[in-house]
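To start, the structure itself, in structure tokens.
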Amino acid sequence: MIEKKIFIKTFGCQMNEYDSNRIYDSVSKLGFIKTNNQSNADCYVLNTCHIRDKAKEKVYHEIGRVKKLYRDKKKPIMVIAGCVAQAENEEMVKREPYIDIVLGPQSYHKVNDLLKKHVVNQKQEETEFDTISKFGYFDQIKNNNSKISTFLTIQEGCDKFCHFCVVPYTRGPEYSRPFTKIITEAEQLIENGAKEITLLGQNVNAYSYLENGKEYRLSSLINYLNQYSELERLRYTTSHPRDMTEDLIDCYSSSKKLMPFVHLPIQSGSNKILELMNRKHTVDDYLNVYERLKKISKDIEFSSDFIIGYPGENQKDFEETFNLIKKIKFINSFSFIFSPRPGTVASKLEMIDKNIAKERLQLIQGKLFDNQIQINKLMENQIIDVLVENKIEKQNKYFGRNNYITPVIFDGSDNQIGKIIKVKIKTSNQNTLFGSATKNMKAA
């Protein structure tokens, strides 16, 4: 088998990172080996994301960069994968001759066949929604990811049809993988050295799989994975408020490995805007989940997503969002000005004034960032638990995360990698904690 090099650049969400690793697991069977040198590859893959603004333009800009890198070299097989590939497949093939293969998220199981069939100057495009076949294919291939903290997709697609969101059109309808297949893959990851697994889905807490008359839910997976002694931590993302069911909430008291951190996007603090977004939940629904979890443990913290300047948002709506952020001191959050995605209901609505939207975003982010700074400041001089993931390249420092997924950079040693250790925090900034490993000291 002739050895060939493949470079995969991943944009966007954790699911894309998981998908990129699985693409590599597949193409390695054709003799491809992963390279970090993007200017010396036989195959160059861009795994794209369509959520943020100007996603399509970023892809063409990236292709332009690749053209320059290979101007005086043999052209690599250029593969555009992911959600931009799904949404823009016909236009991409016509517009950019440099592209060889366009591959949608539900067609990754066809990547080997497409590479084997590749003929110079002949385009290939696969963007059918074939989720069952895709997962059936990858279930036969061992997941070789050996990271300490790793991702595991359990559910894909969305049936919610929020008016701003392109996911139902790029990832298709909700699909939950078979329970036993997920467990098998989790066991592979644990065998590979994983100490933390994050269960992934576009609507991860909508996971539901029927087998022999029994329904398995996200709580079933959490409770089952709790039994593996080698596994230290469990997380899941991204959730929908509507699917925060009682059995899932109960996991925060029954599971010792489920981290006390909930990423639960609300998008707006205004019920009027939530209705315009077709979010199918209210602010009171959200607060009910928040209060129920806080009753279980005051240590549980929240992060969220906010869309600012959604069509129809007035000053009152904005103030309601700002007040919600003051009420729930989110430990970290993502916030963006609304940008229309082609094909969505919201793309046809009248935009609010850009300058007003920018001013509101600055105020929102100012409050969110202040929350993060203050929460991290409270960690200073405290001793906390950190799962050590790796040594930082070219530095005599180590990287890990605390219970709330906050990055921690600290003085440590190689023998601590893969272990939960005590770290004394000395300083902090908005996003990161800094400290030193300690001995024989209890965490705060």
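By order in the structure tokens, chains are A, B, ...; within a chain, residues start at 1; ligands start at 1, following the order shown.
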Per residue of range 144-261 of chain A within 8 Å of range 417-428 of chain A, note the shortest atom pair and the distance in Å to one decimal, counting only C-alpha atoms, and order the rows by chain and increasing residue number, as CSV.
residue,atom,partner,partner_atom,distance
A:Ile148,CA,A:Gly418,CA,5.9
A:Gly193,CA,A:Gly418,CA,7.8
A:Ala194,CA,A:Gly418,CA,8.0
A:Lys195,CA,A:Gly418,CA,6.6
Selected residues, N, CA and C atoms, written as a short mmCIF file (atom, residue, chain, number, x, y, z; two decimals), in the first residue's frame, please.
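Written out: out.cif:
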data_model
loop_
_atom_site.label_atom_id
_atom_site.label_comp_id
_atom_site.auth_asym_id
_atom_site.auth_seq_id
_atom_site.Cartn_x
_atom_site.Cartn_y
_atom_site.Cartn_z
N ILE A 148 -6.90 12.48 25.88
CA ILE A 148 -7.36 12.34 27.26
C ILE A 148 -8.82 12.78 27.38
N GLY A 193 -7.33 5.44 26.19
CA GLY A 193 -6.78 6.33 27.21
C GLY A 193 -7.65 7.51 27.57
N ALA A 194 -8.87 7.57 27.04
CA ALA A 194 -9.77 8.69 27.36
C ALA A 194 -10.14 8.67 28.84
N LYS A 195 -10.02 9.82 29.48
CA LYS A 195 -10.44 9.98 30.87
C LYS A 195 -11.70 10.85 30.97
#
Q | Within 9 Å of Thr131 in chain A using only C-alpha atoms, minus same-chain residues under 5 positions, as number ranges by chain | A | A: 105-107, 136, 156, 171-172, 175
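Across the structure, CA of Pro168 in chain A and CA of Gln202 in chain A are spaced 9.4 Å apart.
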Q | Among listed residues A:Ser254, A:Gln416, A:Asn403, A:Ser26, nearest Gln227 in chain A (using only C-alpha atoms) | A | A:Ser254
Q) Neighbours of Ile307 in chain A within 6 Å (only C-alpha atoms; same-chain residues fewer than 6 positions away dropped), as a PyMOL selection string? A) chain A and resi 267+335-338
